[in-house]
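Chemist: Just passing along the structure, written as structure tokens.
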Amino acid sequence: MGKNIDADYIQKARHSMAHVLAKAVCQLFDNVKLGFGPPIDNGFYYDFDMPHTIKEEDFAAIEAKMAEIIKNDEEFMYKQIDNPEAFFASEPYKLELISELKAGGEEISAYENGGFVDLCAGPHVESTKELRNWGFAVASIAGAYWRGDSNRPMLQRVYVHAFPDRKELKKYQQFLEEAKKRDHRLLGNQQDLFFFDETAPGMPYWLPKGAKLYNTLLNFSRRVHEARGYQEIVGPQLNHRSLWETSGHWEHYHENMFTVDLDNDQHYALKPMNCPNAMITFGRKNRSYRDLPLRFYETSYLHRKEASGALHGLLRVQTFRQDDAHNFIAQNQISSEINEILDITNYLYGVFGLTSRAVLSTRPLEGYLGEIAEWDAAEDALKAVLNDRYEGKFEINEGDGAFYGPKIDILVQDVLGREWQLCTIQLDFQLAGKFGLEYTDSDGKRKTPVVIHRALFGSMERFIGVIIEHFAAKFPFWLSPIQIGIVPVHDAHVGYCEKIKKALEDEGFRVSLDTSEGTMGNKIKGFRHEMLPYIVIVGDAEMEQGNISIRVRNGTQCNNIPLDGFVSACKNMDKNHHLDLIDSDF
RNA sequence: GCUGGUAUAGCUCAGUAGGUAGAGCGCUCCCUUGGUAAGGGAGAGGCUCCCGAGUUCGAAUCUCGGUACCAGCACCA
């Protein structure tokens, strides 16, 4: 090819291929109106508006037509259009863009390949010839609002996977297969962790093993926060609407709240967030500057009514718990407190082997509350902290903060390189004031505290969904719902197995002994299917020597090792949250 | 909420121009008493084929409405 395949070239080629797709679709179907066709990470898409509804059956024909166009060696040529409104008269979406471009004083440019002209700023590859070795496949079809606006028409979006050669496409498709196997909904069902019922959409039922996982994680979070000076509180599930009016939720968040209307015309709502009750709790007493930072940790159940199409396994639910806290601080404690919170976050994510990056969202241009000077000071403080911690490598989303204060979001990458937003740390200059909260400063004056809303795992449900996929349900020892399975070679060994089980349980481990009928091979199969970290196997040889043999989840076999050596290894993994299983030197 | 799709045994799925449903795995029982991911044989499971209404002599199969789920969009922890 002789072309330099760098990221820019790939973008250019994908975008060129989007034109090929558009041409193919225009040739195959009648009355096609064109929207946008940009390149994306795994290829490109193009939005169409047309009477024919594209179905999966159409994919092959589209691919064949695209291949034909590519084979034709069509040159991409810049095309001067003197009267774009006339030229694109039958393309309403393009006309909209043209008028906007003109209003912005920008040039109207178009590209042509093989007689097909599309409004486009370019650049493109020289000819479809360059796309000959590319691997591409129509991936899916979906509805997408014109310009992402739910009030505007919905177009048909065709997604195409496209890579510089067929091998890479294949590799990407295999990656998708792998991701599919790790889908937490699939694994959650296979591993008996959780399920959903039609009568409670978006509200998971936790099965015994899932509940074990959930509680292990929650208790870990509790211990970490307690050690860092957080105090756990538990507020009510249901509050009278007057509370939500004070906090502003009744006005701004009503659509997302499950409300309860009583016969006596009193109205309540299930809490969608913990903050208002934390405010009430702070206000219960006179507070001194000596009490700050005051950190209330809370993991209550939250309920949020979501658009039906938004629900997605554990990653988007309607009832969930957070490792939530509200930190009340003085103005001059912002830096130190944010630093402290980022410390905890890094520690927590490190335990799971998750890497992360930070995004700072700053003051919105409109609709923000408070003084600009206060915002600027806070943003400078946050930038300084992030600069220090991430060596300048963090993103800034200008104007994307909440109306009440700037925020830091942490995005986490899992082993497959996919990114999830879990953690959010939000400064709030407004809420304490709404509740009339004050503390007495060292100079005797009454001051309003700054509040930090922060959830580090985010929602426990979403976090569990992410780590199920991250670990492919092969959890580290400390987190495994069942840590050790025991298999007797035959019935005569059951008594010895029971002794081992008791010894392990006395040390606090979660153990399962299979005394059912059936071959040991089947029992081992069952435990392996459950992804248990260790399977202890004992028969005559082990009984004689008072030892055990272990089958480690990674396939390693350790024969005739002392029980106490195994126990201390397990204790070590539990205490230090080892990511890997110890498989030697017991 | 929007666009398109799916809804049949515990799981994965097949099926019939509309005439009271099948496979594999799992499960149960019997035989096998075993040394590390499926030993052999037999059998049970759906009788509302997601729910409701309609068409029809007859609907799980057709039509309409609803619900849930799936792929996206929008929204979001």
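Going through the structure tokens in order, the chains are called A, B, and so on, while each chain numbers its residues from 1 and the ligands are numbered from 1 in the order shown.
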Once you count only C-alpha atoms (C1' of nucleotides), which residues of chain B turn out to be within 8 Å of chain A? Could you give them as a list of chain:residue names?
Modeler: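 Result: B:G1, B:C2, B:U3, B:G4, B:U33, B:G34, B:G35, B:U36, B:A37, B:A38, B:U67, B:A68, B:A71, B:G72, B:C73, B:A74, B:C75, B:A77.
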Chemist: Restricting it to N, CA and C atoms (P, O5', C5', C4', C3', O3' and C1' of nucleotides), dump the selection as a CSV table (one decimal), in the first residue's frame.
Modeler:
```csv
chain,number,residue,atom,x,y,z
B,1,G,P,-42.0,4.4,28.8
B,1,G,O5',-41.5,5.5,27.8
B,1,G,C5',-42.2,6.7,27.6
B,1,G,C4',-41.4,7.6,26.7
B,1,G,C3',-41.0,7.0,25.4
B,1,G,O3',-42.1,7.2,24.5
B,1,G,C1',-39.1,8.0,26.3
B,2,C,P,-42.3,6.1,23.2
B,2,C,O5',-41.1,6.5,22.3
B,2,C,C5',-41.1,7.8,21.6
B,2,C,C4',-39.9,7.8,20.7
B,2,C,C3',-39.7,6.6,19.8
B,2,C,O3',-40.5,6.7,18.6
B,2,C,C1',-37.7,7.1,20.8
B,3,U,P,-41.1,5.4,17.9
B,3,U,O5',-39.8,4.7,17.2
B,3,U,C5',-39.3,5.4,16.0
B,3,U,C4',-38.1,4.6,15.5
B,3,U,C3',-38.3,3.1,15.4
B,3,U,O3',-39.0,2.8,14.1
B,3,U,C1',-36.3,3.5,16.4
B,4,G,P,-39.9,1.5,14.1
B,4,G,O5',-38.9,0.2,14.2
B,4,G,C5',-38.1,-0.1,13.0
B,4,G,C4',-37.0,-1.1,13.4
B,4,G,C3',-37.6,-2.4,14.0
B,4,G,O3',-38.0,-3.3,13.0
B,4,G,C1',-35.8,-1.6,15.3
B,33,U,P,-18.3,-50.5,41.1
B,33,U,O5',-17.9,-49.0,41.6
B,33,U,C5',-16.7,-48.4,41.3
B,33,U,C4',-16.3,-47.5,42.4
B,33,U,C3',-15.7,-48.3,43.6
B,33,U,O3',-14.4,-47.8,44.0
B,33,U,C1',-17.5,-46.7,44.2
B,34,G,P,-13.2,-48.1,43.2
B,34,G,O5',-13.4,-47.2,41.8
B,34,G,C5',-12.6,-46.1,41.6
B,34,G,C4',-13.2,-45.2,40.6
B,34,G,C3',-12.3,-43.9,40.6
B,34,G,O3',-11.9,-43.6,39.3
B,34,G,C1',-14.6,-43.5,41.5
B,35,G,P,-10.2,-43.6,39.3
B,35,G,O5',-9.9,-42.2,40.1
B,35,G,C5',-10.4,-41.0,39.6
B,35,G,C4',-9.4,-39.9,40.1
B,35,G,C3',-8.1,-39.9,39.4
B,35,G,O3',-7.9,-38.7,38.7
B,35,G,C1',-7.9,-39.7,41.7
B,36,U,P,-7.6,-38.4,37.2
B,36,U,O5',-8.2,-37.0,36.9
B,36,U,C5',-9.6,-36.8,36.9
B,36,U,C4',-9.9,-35.4,37.3
B,36,U,C3',-9.1,-34.4,36.5
B,36,U,O3',-10.0,-33.4,36.2
B,36,U,C1',-8.8,-34.1,38.8
B,37,A,P,-10.2,-32.7,34.7
B,37,A,O5',-11.7,-33.3,34.4
B,37,A,C5',-12.8,-32.9,35.2
B,37,A,C4',-13.8,-32.4,34.3
B,37,A,C3',-13.6,-32.6,32.8
B,37,A,O3',-14.7,-33.1,32.2
B,37,A,C1',-14.0,-30.4,33.2
B,38,A,P,-14.7,-34.1,31.0
B,38,A,O5',-15.5,-35.3,31.6
B,38,A,C5',-16.3,-35.2,32.8
B,38,A,C4',-17.7,-35.9,32.6
B,38,A,C3',-17.7,-36.8,31.4
B,38,A,O3',-18.3,-38.1,31.7
B,38,A,C1',-19.4,-35.1,31.2
B,67,U,P,-46.8,-0.8,28.7
B,67,U,O5',-46.2,-2.0,29.3
B,67,U,C5',-46.6,-2.5,30.6
B,67,U,C4',-45.9,-3.8,30.9
B,67,U,C3',-44.4,-3.9,30.7
B,67,U,O3',-43.7,-3.4,31.8
B,67,U,C1',-45.5,-5.8,29.8
B,68,A,P,-42.3,-2.7,31.6
B,68,A,O5',-41.3,-4.0,31.5
B,68,A,C5',-41.2,-4.9,32.5
B,68,A,C4',-40.5,-6.1,32.1
B,68,A,C3',-39.1,-5.9,31.3
B,68,A,O3',-38.1,-5.7,32.2
B,68,A,C1',-40.5,-7.3,30.1
B,71,A,P,-27.9,-5.3,24.9
B,71,A,O5',-28.0,-4.8,23.4
B,71,A,C5',-27.4,-5.5,22.3
B,71,A,C4',-27.5,-4.7,21.0
B,71,A,C3',-27.1,-3.3,21.2
B,71,A,O3',-25.7,-3.1,21.2
B,71,A,C1',-29.1,-3.5,20.0
B,72,G,P,-25.1,-1.8,22.0
B,72,G,O5',-25.4,-0.7,21.0
B,72,G,C5',-25.7,0.6,21.4
B,72,G,C4',-26.4,1.3,20.3
B,72,G,C3',-26.8,2.7,20.6
B,72,G,O3',-25.7,3.6,20.4
B,72,G,C1',-28.6,1.6,19.7
B,73,C,P,-25.5,4.8,21.4
B,73,C,O5',-26.7,5.8,21.0
B,73,C,C5',-26.9,6.3,19.7
B,73,C,C4',-28.1,7.2,19.7
B,73,C,C3',-28.3,8.1,20.8
B,73,C,O3',-27.6,9.3,20.6
B,73,C,C1',-30.3,7.0,20.5
B,74,A,P,-26.9,10.1,21.9
B,74,A,O5',-28.2,10.6,22.7
B,74,A,C5',-29.0,11.6,22.3
B,74,A,C4',-30.2,11.8,23.2
B,74,A,C3',-29.9,12.0,24.7
B,74,A,O3',-29.5,13.3,25.0
B,74,A,C1',-31.5,10.4,24.4
B,75,C,P,-28.4,13.5,26.1
B,75,C,O5',-29.0,12.9,27.5
B,75,C,C5',-30.2,13.6,28.0
B,75,C,C4',-30.7,12.7,29.2
B,75,C,C3',-29.7,12.4,30.3
B,75,C,O3',-29.6,13.5,31.2
B,75,C,C1',-30.8,10.5,29.7
B,77,A,P,-25.0,11.1,37.3
B,77,A,O5',-24.6,9.8,38.0
B,77,A,C5',-23.4,9.8,38.9
B,77,A,C4',-23.0,8.3,39.1
B,77,A,C3',-22.8,7.5,37.8
B,77,A,O3',-21.5,7.6,37.4
B,77,A,C1',-24.3,6.3,39.3
```
Chemist: Please provide as a compact mmCIF listing (two decimals) with N, CA, C and O atoms, in the first residue's frame all residues within 7 Å of region 346-355 of chain A, with the sequence filter that same-chain residues fewer than 6 positions apart are discarded (counting only C-alpha atoms (C1' of nucleotides)).
Modeler:
```
# COMPACT_ATOMS: atom_id res chain seq x y z
N VAL A 412 -12.93 4.57 34.77
CA VAL A 412 -12.16 3.38 35.05
C VAL A 412 -12.05 2.53 33.79
O VAL A 412 -13.03 2.39 33.05
N GLN A 413 -10.86 1.98 33.54
CA GLN A 413 -10.70 1.06 32.42
C GLN A 413 -10.64 -0.37 32.94
O GLN A 413 -9.92 -0.65 33.88
N ASP A 414 -11.38 -1.27 32.32
CA ASP A 414 -11.30 -2.67 32.72
C ASP A 414 -10.27 -3.39 31.85
O ASP A 414 -9.62 -2.78 31.01
N HIS A 577 -5.90 -8.59 50.16
CA HIS A 577 -6.69 -8.47 48.93
C HIS A 577 -5.87 -8.83 47.69
O HIS A 577 -5.91 -8.11 46.68
N LEU A 579 -4.72 -10.04 44.28
CA LEU A 579 -5.45 -10.22 43.02
C LEU A 579 -5.25 -11.62 42.49
O LEU A 579 -6.15 -12.23 41.93
```
Chemist: Could you name the residues that touch A42 (chain B) at 12 Å or less, counting only C-alpha atoms (C1' of nucleotides), but leaving out those on the same chain fewer than 2 positions away, as a ChimeraX atom specification?
Modeler: /B:28-31,40,44
Chemist: Would you export the selected residues with all heavy atoms as a CSV table (one decimal), in the first residue's frame, please?
Modeler:
```
chain,number,residue,atom,x,y,z
B,28,U,P,-30.6,-34.1,40.7
B,28,U,OP1,-30.5,-33.7,42.1
B,28,U,OP2,-29.5,-34.7,40.0
B,28,U,O5',-31.8,-35.1,40.5
B,28,U,C5',-33.1,-34.9,41.2
B,28,U,C4',-34.0,-36.0,40.8
B,28,U,O4',-34.3,-35.9,39.4
B,28,U,C3',-33.5,-37.4,41.0
B,28,U,O3',-33.6,-37.8,42.4
B,28,U,C2',-34.4,-38.2,40.1
B,28,U,O2',-35.6,-38.5,40.6
B,28,U,C1',-34.5,-37.2,38.9
B,28,U,N1,-33.5,-37.5,37.8
B,28,U,C2,-33.7,-38.5,36.9
B,28,U,O2,-34.7,-39.2,37.0
B,28,U,N3,-32.7,-38.6,36.0
B,28,U,C4,-31.6,-37.8,35.8
B,28,U,O4,-30.8,-38.0,34.9
B,28,U,C5,-31.4,-36.8,36.8
B,28,U,C6,-32.4,-36.7,37.8
B,29,C,P,-32.6,-38.9,43.0
B,29,C,OP1,-32.9,-39.0,44.4
B,29,C,OP2,-31.2,-38.5,42.5
B,29,C,O5',-33.0,-40.2,42.3
B,29,C,C5',-34.2,-40.9,42.6
B,29,C,C4',-34.4,-42.1,41.7
B,29,C,O4',-34.5,-41.6,40.3
B,29,C,C3',-33.3,-43.1,41.7
B,29,C,O3',-33.3,-44.0,42.8
B,29,C,C2',-33.5,-43.8,40.3
B,29,C,O2',-34.6,-44.7,40.4
B,29,C,C1',-33.9,-42.6,39.5
B,29,C,N1,-32.8,-42.0,38.7
B,29,C,C2,-32.4,-42.6,37.5
B,29,C,O2,-33.0,-43.6,37.1
B,29,C,N3,-31.4,-42.0,36.8
B,29,C,C4,-30.8,-41.0,37.3
B,29,C,N4,-29.8,-40.5,36.6
B,29,C,C5,-31.1,-40.3,38.5
B,29,C,C6,-32.2,-40.9,39.2
B,30,C,P,-32.0,-44.7,43.3
B,30,C,OP1,-32.4,-45.4,44.5
B,30,C,OP2,-30.9,-43.7,43.3
B,30,C,O5',-31.7,-45.8,42.1
B,30,C,C5',-32.5,-46.9,42.0
B,30,C,C4',-32.0,-47.7,40.8
B,30,C,O4',-32.1,-46.9,39.6
B,30,C,C3',-30.6,-48.1,40.8
B,30,C,O3',-30.4,-49.2,41.6
B,30,C,C2',-30.3,-48.4,39.4
B,30,C,O2',-30.8,-49.6,39.0
B,30,C,C1',-31.1,-47.3,38.7
B,30,C,N1,-30.3,-46.1,38.4
B,30,C,C2,-29.5,-46.1,37.3
B,30,C,O2,-29.5,-47.0,36.5
B,30,C,N3,-28.7,-45.0,37.0
B,30,C,C4,-28.7,-43.9,37.9
B,30,C,N4,-27.9,-42.9,37.6
B,30,C,C5,-29.5,-43.9,39.0
B,30,C,C6,-30.3,-45.0,39.3
B,31,C,P,-28.9,-49.5,42.4
B,31,C,OP1,-29.0,-50.7,43.2
B,31,C,OP2,-28.5,-48.2,42.9
B,31,C,O5',-28.0,-49.8,41.1
B,31,C,C5',-28.0,-51.0,40.5
B,31,C,C4',-27.1,-51.0,39.3
B,31,C,O4',-27.5,-49.9,38.4
B,31,C,C3',-25.6,-50.8,39.6
B,31,C,O3',-25.0,-51.9,40.0
B,31,C,C2',-25.2,-50.4,38.2
B,31,C,O2',-25.0,-51.5,37.3
B,31,C,C1',-26.3,-49.5,37.7
B,31,C,N1,-26.1,-48.1,38.0
B,31,C,C2,-25.2,-47.4,37.2
B,31,C,O2,-24.7,-48.0,36.2
B,31,C,N3,-24.9,-46.1,37.4
B,31,C,C4,-25.5,-45.5,38.5
B,31,C,N4,-25.2,-44.2,38.7
B,31,C,C5,-26.4,-46.2,39.4
B,31,C,C6,-26.7,-47.5,39.1
B,40,G,P,-21.3,-42.4,28.9
B,40,G,OP1,-21.2,-42.2,27.5
B,40,G,OP2,-21.9,-41.3,29.7
B,40,G,O5',-22.2,-43.7,29.2
B,40,G,C5',-21.8,-44.9,28.6
B,40,G,C4',-22.7,-46.0,29.1
B,40,G,O4',-22.5,-46.2,30.6
B,40,G,C3',-24.2,-45.8,29.0
B,40,G,O3',-24.7,-46.1,27.7
B,40,G,C2',-24.7,-46.7,30.1
B,40,G,O2',-24.7,-48.1,29.6
B,40,G,C1',-23.7,-46.5,31.2
B,40,G,N9,-24.1,-45.4,32.1
B,40,G,C8,-23.6,-44.2,32.2
B,40,G,N7,-24.2,-43.4,33.1
B,40,G,C5,-25.2,-44.3,33.7
B,40,G,C6,-26.1,-44.1,34.7
B,40,G,O6,-26.3,-43.0,35.4
B,40,G,N1,-26.9,-45.2,34.9
B,40,G,C2,-26.8,-46.4,34.3
B,40,G,N2,-27.6,-47.3,34.6
B,40,G,N3,-25.9,-46.6,33.3
B,40,G,C4,-25.1,-45.5,33.1
B,44,A,P,-41.6,-40.2,31.5
B,44,A,OP1,-43.0,-40.6,31.4
B,44,A,OP2,-40.9,-39.8,30.2
B,44,A,O5',-41.5,-39.0,32.5
B,44,A,C5',-42.0,-39.2,33.9
B,44,A,C4',-41.6,-38.0,34.7
B,44,A,O4',-40.1,-37.9,34.7
B,44,A,C3',-42.0,-36.6,34.2
B,44,A,O3',-43.3,-36.3,34.5
B,44,A,C2',-41.0,-35.7,34.8
B,44,A,O2',-41.3,-35.4,36.1
B,44,A,C1',-39.7,-36.6,34.8
B,44,A,N9,-38.9,-36.3,33.6
B,44,A,C8,-38.8,-37.0,32.4
B,44,A,N7,-38.0,-36.5,31.5
B,44,A,C5,-37.4,-35.4,32.2
B,44,A,C6,-36.5,-34.5,31.8
B,44,A,N6,-35.8,-34.5,30.6
B,44,A,N1,-36.2,-33.5,32.7
B,44,A,C2,-36.8,-33.5,33.8
B,44,A,N3,-37.7,-34.3,34.3
B,44,A,C4,-38.0,-35.3,33.4
```
Chemist: Please identify all polymer residues within 9 Å of region 243-255 of chain A, counting only C-alpha atoms (C1' of nucleotides), omitting same-chain residues fewer than 5 positions from it, and present them as a ChimeraX atom specification.
Modeler: /A:268-269,271-272,275-277,304-306,431,434-435
Chemist: Just list as a ChimeraX atom specification whatever in region 40-189 of chain A DSSP marks as strand (DSSP E or B).
Modeler: /A:40,43-49,75-79,110-113,116-119,127,135-145,154-163
Chemist: Leaving out Ala18 (chain A) and any residue of its chain fewer than 2 positions from it, which residues lie within 12 Å of it when counting only C-alpha atoms (C1' of nucleotides), given as a PyMOL selection string?
Modeler: chain A and resi 11-16+20-25+34-40+43-48+66+69-70+113+118+120+122+124-125+128+131+136+138+157-162
Chemist: Quote the spacing between CA of Val536 (chain A) and CA of Val567 (chain A) in Å to one decimal place.
Modeler: 11.8 Å
Chemist: Leaving out region 14-18 of chain B and any residue of its chain fewer than 4 positions from it, which residues lie within 8 Å of it when counting only C-alpha atoms (C1' of nucleotides), given as a list in words?
Modeler: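 In the requested format, the answer is G22, A23, A59, U61 and C62 of chain B.
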Chemist: Suppose we keep N, CA, C and O atoms (P, O5', C5', C4', C3', O3' and C1' of nucleotides); can you now write the selection as a PDB file, in the first residue's frame?
Modeler:
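Result file is again-v4.pdb:
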```pdb
ATOM      1  P     G B  22     -43.951 -33.675  20.634  1.00  0.00           P
ATOM      2  O5'   G B  22     -42.426 -33.942  20.306  1.00  0.00           O
ATOM      3  C5'   G B  22     -41.428 -33.530  21.165  1.00  0.00           C
ATOM      4  C4'   G B  22     -40.278 -32.995  20.367  1.00  0.00           C
ATOM      5  C3'   G B  22     -38.976 -32.962  21.157  1.00  0.00           C
ATOM      6  O3'   G B  22     -38.344 -34.225  21.110  1.00  0.00           O
ATOM      7  C1'   G B  22     -39.306 -30.899  20.079  1.00  0.00           C
ATOM      8  P     A B  23     -37.330 -34.654  22.258  1.00  0.00           P
ATOM      9  O5'   A B  23     -35.969 -33.984  21.772  1.00  0.00           O
ATOM     10  C5'   A B  23     -35.415 -34.338  20.508  1.00  0.00           C
ATOM     11  C4'   A B  23     -34.180 -33.506  20.262  1.00  0.00           C
ATOM     12  C3'   A B  23     -33.194 -33.474  21.416  1.00  0.00           C
ATOM     13  O3'   A B  23     -32.346 -34.595  21.401  1.00  0.00           O
ATOM     14  C1'   A B  23     -33.564 -31.269  20.620  1.00  0.00           C
ATOM     15  P     A B  59     -59.029 -20.899  19.480  1.00  0.00           P
ATOM     16  O5'   A B  59     -57.655 -21.142  18.691  1.00  0.00           O
ATOM     17  C5'   A B  59     -56.708 -22.171  19.042  1.00  0.00           C
ATOM     18  C4'   A B  59     -55.324 -21.533  19.016  1.00  0.00           C
ATOM     19  C3'   A B  59     -55.294 -20.400  20.030  1.00  0.00           C
ATOM     20  O3'   A B  59     -54.772 -20.927  21.232  1.00  0.00           O
ATOM     21  C1'   A B  59     -54.585 -19.657  17.829  1.00  0.00           C
ATOM     22  P     U B  61     -50.550 -17.044  19.013  1.00  0.00           P
ATOM     23  O5'   U B  61     -49.416 -17.646  18.084  1.00  0.00           O
ATOM     24  C5'   U B  61     -48.654 -16.884  17.165  1.00  0.00           C
ATOM     25  C4'   U B  61     -48.230 -17.813  16.068  1.00  0.00           C
ATOM     26  C3'   U B  61     -48.934 -17.584  14.730  1.00  0.00           C
ATOM     27  O3'   U B  61     -48.015 -17.020  13.806  1.00  0.00           O
ATOM     28  C1'   U B  61     -48.822 -19.915  15.315  1.00  0.00           C
ATOM     29  P     C B  62     -47.834 -15.400  13.863  1.00  0.00           P
ATOM     30  O5'   C B  62     -49.177 -14.888  13.169  1.00  0.00           O
ATOM     31  C5'   C B  62     -49.326 -14.925  11.762  1.00  0.00           C
ATOM     32  C4'   C B  62     -50.618 -14.242  11.393  1.00  0.00           C
ATOM     33  C3'   C B  62     -50.857 -12.915  12.111  1.00  0.00           C
ATOM     34  O3'   C B  62     -50.208 -11.848  11.444  1.00  0.00           O
ATOM     35  C1'   C B  62     -52.791 -14.248  12.271  1.00  0.00           C
TER      36        C B  62
END
```
Chemist: By how many Å are CA of Val487 (chain A) and CA of Val552 (chain A) apart?
Modeler: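 Straight-line distance from CA of Val487 (chain A) to CA of Val552 (chain A) works out to 13.2 Å.
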Chemist: Name the residues of region 165-306 of chain A that fall into alpha helix (DSSP H) according to DSSP on the backbone, using the chain letters and numbers of this document, as JSON, numbers by chain.
Modeler: {"A": [166, 167, 168, 169, 170, 171, 172, 173, 174, 175, 176, 177, 178, 179, 180, 181, 184, 185, 186, 187, 188, 189, 190, 208, 209, 210, 211, 212, 213, 214, 215, 216, 217, 218, 219, 220, 221, 222, 223, 224, 225, 226, 227, 241, 242, 243, 244, 245, 246, 247, 249, 250, 251, 252, 275, 276, 277, 278, 279, 280, 281, 282]}
Chemist: Find the distance between CA of Lys474 (chain A) and CA of Ser356 (chain A) and write it in Å to one decimal.
Modeler: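 About the pair CA of Lys474 (chain A) and CA of Ser356 (chain A): they are 21.2 Å apart.
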Chemist: With a distance cut-off of 6 Å and only C-alpha atoms (C1' of nucleotides), select the neighbouring residues of Val511 (chain A), excluding the residue or stretch itself and same-chain residues fewer than 3 positions from it, and output the selection as a list in words.
Modeler: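 After dropping sequence-adjacent residues, the list is Ile482, Gln483, Ile484 and Gly485 of chain A.
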